[in-house]
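> Have a peek at protein_31.txt (compact mmCIF, C-alpha atoms).
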# COMPACT_ATOMS: atom_id res chain seq x y z
CA MET A 24 -31.38 7.40 145.49
CA LYS A 25 -32.75 6.20 142.14
CA SER A 26 -32.33 9.68 140.71
CA LYS A 27 -28.57 9.41 141.23
CA ILE A 28 -28.19 6.23 139.17
CA PRO A 29 -27.73 7.95 135.76
CA VAL A 30 -25.06 10.30 137.14
CA LEU A 31 -23.27 7.41 138.86
CA LEU A 32 -23.26 5.49 135.58
CA ILE A 33 -21.87 8.52 133.76
CA PHE A 34 -19.03 9.04 136.24
CA SER A 35 -18.28 5.31 136.29
CA ARG A 36 -17.02 5.73 132.72
CA LEU A 37 -14.42 8.21 133.93
CA ILE A 38 -13.17 5.64 136.42
CA ILE A 39 -13.17 2.88 133.81
CA GLY A 40 -11.19 5.02 131.37
CA PHE A 41 -8.54 5.94 133.92
CA VAL A 42 -8.30 2.34 135.15
CA MET A 43 -7.68 1.18 131.58
CA ILE A 44 -4.80 3.65 131.23
CA ALA A 45 -3.30 2.49 134.53
CA LEU A 46 -3.60 -1.19 133.61
CA SER A 47 -2.07 -0.52 130.21
CA ILE A 48 0.92 1.28 131.76
CA LEU A 49 1.40 -1.56 134.24
CA LYS A 50 1.22 -4.08 131.38
CA ILE A 51 -0.70 -6.54 133.52
CA GLU A 52 -1.31 -10.13 132.52
CA TYR A 53 -4.53 -10.76 130.55
CA TYR A 54 -4.75 -7.06 129.77
CA GLN A 55 -6.61 -7.67 126.51
CA THR A 56 -9.42 -9.60 128.19
CA ILE A 57 -9.75 -7.13 131.05
CA ALA A 58 -9.65 -4.14 128.68
CA ILE A 59 -12.43 -5.56 126.49
CA VAL A 60 -14.58 -6.27 129.55
CA LEU A 61 -14.04 -2.74 130.87
CA LEU A 62 -14.70 -1.20 127.44
CA SER A 63 -17.90 -3.22 127.15
CA VAL A 64 -19.05 -2.16 130.61
CA GLY A 65 -18.30 1.45 129.70
CA LEU A 66 -20.42 1.16 126.55
CA LEU A 67 -23.28 -0.37 128.54
CA THR A 68 -23.19 2.48 131.07
CA ASP A 69 -23.36 4.91 128.13
CA ILE A 70 -26.46 3.16 126.81
CA PHE A 71 -28.29 2.75 130.08
CA ASP A 72 -27.58 6.09 131.75
CA GLY A 73 -29.81 7.84 129.22
CA ILE A 74 -32.48 5.16 129.22
CA ILE A 75 -32.72 5.19 133.02
CA ALA A 76 -32.72 8.99 133.15
CA ARG A 77 -35.61 9.11 130.70
CA TYR A 78 -37.47 6.37 132.59
CA LEU A 79 -37.10 8.38 135.81
CA ASN A 80 -38.01 11.63 134.00
CA ILE A 81 -34.75 13.31 135.04
CA SER A 82 -33.12 13.60 131.61
CA THR A 83 -32.17 17.26 131.97
CA GLN A 84 -29.87 19.39 129.80
CA LYS A 85 -27.29 19.29 132.57
CA ILE A 86 -27.21 15.49 132.57
CA ARG A 87 -27.09 15.28 128.76
CA ARG A 88 -24.22 17.78 128.62
CA LEU A 89 -22.36 15.87 131.33
CA ASP A 90 -22.95 12.64 129.44
CA SER A 91 -21.42 14.07 126.24
CA THR A 92 -18.37 15.46 128.02
CA VAL A 93 -17.68 12.24 129.92
CA ASP A 94 -18.08 10.24 126.70
CA GLN A 95 -15.26 12.25 125.18
CA VAL A 96 -12.97 11.73 128.17
CA PHE A 97 -13.82 8.02 128.27
CA PHE A 98 -12.96 7.33 124.63
CA ILE A 99 -9.85 9.50 124.82
CA SER A 100 -8.74 7.43 127.83
CA VAL A 101 -9.42 4.18 125.98
CA GLY A 102 -7.49 5.55 123.01
CA VAL A 103 -4.51 6.43 125.21
CA ALA A 104 -4.57 2.98 126.84
CA THR A 105 -4.73 1.31 123.43
CA TYR A 106 -1.89 3.49 122.11
CA ILE A 107 0.33 2.35 124.98
CA GLN A 108 -0.33 -1.26 123.99
CA CYS A 109 -0.29 -0.85 120.20
CA PRO A 110 1.67 2.27 119.17
CA GLU A 111 2.39 0.83 115.71
CA PHE A 112 -1.30 0.94 114.75
CA PHE A 113 -1.52 4.62 115.68
CA ASN A 114 1.72 5.44 113.87
CA THR A 115 0.54 3.66 110.72
CA ASN A 116 -2.81 5.47 110.72
CA ALA A 117 -1.61 8.78 112.12
CA SER A 118 -2.89 10.96 109.26
CA LYS A 119 -6.43 9.57 109.37
CA LEU A 120 -6.53 9.74 113.16
CA ILE A 121 -5.43 13.38 113.09
CA ILE A 122 -8.16 14.19 110.56
CA LEU A 123 -10.78 12.41 112.66
CA ILE A 124 -9.65 14.14 115.86
CA GLY A 125 -9.63 17.46 114.01
CA ALA A 126 -13.22 16.87 112.86
CA GLU A 127 -14.25 16.13 116.43
CA CYS A 128 -12.55 19.27 117.69
CA LEU A 129 -14.27 21.29 114.96
CA ILE A 130 -17.66 20.21 116.32
CA TYR A 131 -16.83 21.70 119.71
CA ILE A 132 -15.41 24.87 118.17
CA VAL A 133 -18.61 25.43 116.18
CA SER A 134 -20.79 24.70 119.21
CA PHE A 135 -18.87 27.03 121.53
CA LEU A 136 -18.66 29.82 118.96
CA LYS A 137 -22.39 29.69 118.23
CA PHE A 138 -23.92 28.67 121.55
CA LYS A 139 -21.17 29.04 124.18
CA LYS A 140 -21.92 25.44 125.16
CA GLU A 141 -20.45 22.06 124.35
CA VAL A 142 -22.21 19.83 121.85
CA ALA A 143 -24.82 17.33 123.08
CA THR A 144 -26.82 16.45 119.98
CA HIS A 145 -26.65 12.68 120.60
CA SER A 146 -27.63 12.12 116.97
CA ILE A 147 -28.56 8.69 115.66
CA GLY A 148 -25.59 8.77 113.30
CA ALA A 149 -23.24 9.48 116.21
CA LYS A 150 -24.66 6.50 118.09
CA VAL A 151 -24.02 4.24 115.09
CA TRP A 152 -20.47 5.56 114.84
CA THR A 153 -19.90 4.89 118.55
CA LEU A 154 -20.71 1.23 117.96
CA LEU A 155 -18.26 1.14 115.02
CA LEU A 156 -15.62 2.82 117.17
CA PHE A 157 -16.27 0.26 119.90
CA ALA A 158 -15.81 -2.63 117.45
CA THR A 159 -12.66 -1.06 115.99
CA LEU A 160 -11.11 -0.57 119.41
CA ILE A 161 -11.79 -4.19 120.32
CA GLN A 162 -10.07 -5.37 117.13
CA VAL A 163 -7.07 -3.12 117.77
CA ILE A 164 -6.84 -4.26 121.41
CA LEU A 165 -6.86 -7.90 120.31
CA GLN A 166 -4.72 -7.71 117.16
CA CYS A 167 -2.96 -4.32 117.27
CA GLN A 168 -4.27 -3.76 113.76
CA SER A 169 -7.46 -2.98 111.88
CA VAL A 170 -7.88 -2.22 108.19
CA VAL A 171 -11.39 -2.69 106.83
CA LEU A 172 -13.13 -1.92 110.11
CA PHE A 173 -10.93 1.08 110.86
CA ASN A 174 -11.46 2.56 107.39
CA LEU A 175 -15.21 2.11 107.76
CA CYS A 176 -15.01 3.75 111.17
CA PHE A 177 -12.97 6.61 109.70
CA TRP A 178 -15.36 7.45 106.87
CA ILE A 179 -18.53 6.99 108.90
CA GLY A 180 -16.88 9.10 111.59
CA LEU A 181 -16.28 11.95 109.15
CA LEU A 182 -19.84 11.74 107.79
CA THR A 183 -21.39 11.81 111.25
CA ARG A 184 -19.11 14.67 112.38
CA ALA A 185 -20.21 16.62 109.28
CA GLU A 186 -23.85 15.92 110.11
CA ILE A 187 -23.43 17.17 113.68
CA ILE A 188 -21.81 20.38 112.41
CA ALA A 189 -24.72 20.81 109.99
CA ILE A 190 -27.17 20.30 112.86
CA LEU A 191 -25.40 22.95 114.94
CA LEU A 192 -25.38 25.45 112.06
CA ILE A 193 -29.07 24.88 111.33
CA LEU A 194 -30.32 25.18 114.92
CA LYS A 195 -31.32 28.66 116.07
CA GLU A 196 -30.67 27.87 119.72
CA TRP A 197 -28.72 25.20 121.60
CA THR A 198 -30.70 22.00 121.85
CA ASN A 199 -29.72 18.60 123.15
CA ASP A 200 -30.79 15.27 121.63
CA VAL A 201 -31.37 16.17 117.99
CA PRO A 202 -31.60 12.85 116.10
CA SER A 203 -30.66 14.12 112.61
CA VAL A 204 -30.33 17.06 110.23
CA TYR A 205 -33.99 16.61 109.29
CA HIS A 206 -35.00 17.09 112.93
CA SER A 207 -32.83 20.21 113.22
CA ILE A 208 -34.61 21.70 110.21
CA GLN A 209 -37.96 20.97 111.85
CA LEU A 210 -36.80 22.64 115.07
CA ARG A 211 -35.58 25.67 113.13
CA LYS A 212 -39.07 25.98 111.64
CA GLY A 213 -40.52 25.91 115.16
CA LYS A 214 -42.07 22.50 114.67
CA PRO A 215 -42.04 19.82 117.38
CA ILE A 216 -40.06 16.66 116.70
CA ARG A 217 -40.67 13.11 117.73
CA LYS A 218 -37.90 11.44 119.71
CA SER A 219 -37.37 7.83 120.61
CA LYS A 220 -38.02 7.10 124.28
CA ILE A 221 -35.13 4.69 124.16
CA PHE A 222 -32.51 6.68 122.27
CA ASN A 223 -33.43 10.33 122.85
CA SER A 224 -34.81 12.37 125.73
Starting from the coordinates I provided, produce the structure as structure tokens.

Amino acid sequence: MKSKIPVLLIFSRLIIGFVMIALSILKIEYYQTIAIVLLSVGLLTDIFDGIIARYLNISTQKIRRLDSTVDQVFFISVGVATYIQCPEFFNTNASKLIILIGAECLIYIVSFLKFKKEVATHSIGAKVWTLLLFATLIQVILQCQSVVLFNLCFWIGLLTRAEIIAILLILKEWTNDVPSVYHSIQLRKGKPIRKSKIFNS
């Protein structure tokens, strides 16, 4: 049963994302508080699914790929729910959001063209950006606006997307959990890399 915990945590994010959309459409009372709690729980499941999988020695490529895919669906769902509540923020920042979404799509295009698989690098930079995205979403949920934090999230997002693309181009074969460009260069040279037991499998 313990071996199923990471997968259950991963799929719980799907449920949380869809619930947030439903609650946003229904415009329930205290939506902001409930949305922040759900978003926080979703982030915690994203942190602990990998840690638990590594602790149980079941952090397989299949699980890491599933984790990456569900992460995308989860944050898209949160974005949709937030748009329903605060469309003016999205309209104001439409150009930057389109660029950021385009950069994210480009990652998957590169990965599928080169490896015929979705991306699952789980780089350190991407993890930092996820925390910035989390903070930005909370601010937008609470205030329906974000300037400094959103701009920081935008530029860091572009930098980390560029790094992931660089990692994919450098790697000779598909590999999950590549912490940085430096590590991808080491892998390309056939050298082993050290990974954090907490952050990488």
> CA of Arg211 (chain A) and CA of Leu129 (chain A), how far apart in Å?
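Rounded to one decimal, the two atoms are 21.8 Å apart.
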> I'd like to know which of A:Ser100, A:Gln166, A:Gln84, A:Thr105 is closest to Asp200 (chain A), using all atoms listed in the file.
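Between A:Ser100, A:Gln166, A:Gln84, A:Thr105, the residue approaching Asp200 (chain A) most closely is A:Gln84.
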> Extract, using only C-alpha atoms, all DNA, RNA and protein residues at most 7 Å from Met43 (chain A), discarding same-chain residues fewer than 2 positions from it, and format them as a CSV table (one decimal) with C-alpha atoms, in the coordinates of the input.

chain,number,residue,atom,x,y,z
A,39,ILE,CA,-13.2,2.9,133.8
A,40,GLY,CA,-11.2,5.0,131.4
A,41,PHE,CA,-8.5,5.9,133.9
A,45,ALA,CA,-3.3,2.5,134.5
A,46,LEU,CA,-3.6,-1.2,133.6
A,47,SER,CA,-2.1,-0.5,130.2
A,58,ALA,CA,-9.6,-4.1,128.7
A,101,VAL,CA,-9.4,4.2,126.0
A,104,ALA,CA,-4.6,3.0,126.8
> Hey, can you check how far CA of Cys176 (chain A) sits from CA of Thr159 (chain A)?
7.2 Å
> Go through A:Leu172, A:Val30, A:Ala117, A:Ala76 and flag the residue nearest Leu160 (chain A), using all atoms listed in the file for the distances.
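Nearest candidate to Leu160 (chain A) out of A:Leu172, A:Val30, A:Ala117, A:Ala76: A:Leu172.
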> Which residue out of A:Ile132, A:Leu32, A:Leu62, A:Val93 has the minimum interatomic distance to Ile188 (chain A) when all atoms listed in the file are used?
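Comparing A:Ile132, A:Leu32, A:Leu62, A:Val93 against Ile188 (chain A), the winner is A:Ile132.
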> Write out as a PyMOL selection string each polymer residue whose atoms come within 10 Å of Ser203 (chain A), counting all atoms listed in the file; drop sequence neighbours fewer than 6 positions from it.
chain A and resi 144-149+183+186-187+189-190
> Between CA of Trp197 (chain A) and CA of Arg87 (chain A), measure the distance and give it in Å to one decimal.
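These atoms are spaced 12.3 Å apart.
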> With distances taken over all atoms listed in the file, which residue among A:Gln108, A:Ser63, A:Gln168, A:Thr68 lies nearest Ser35 (chain A)?
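Selected residue with least distance to Ser35 (chain A): A:Thr68.
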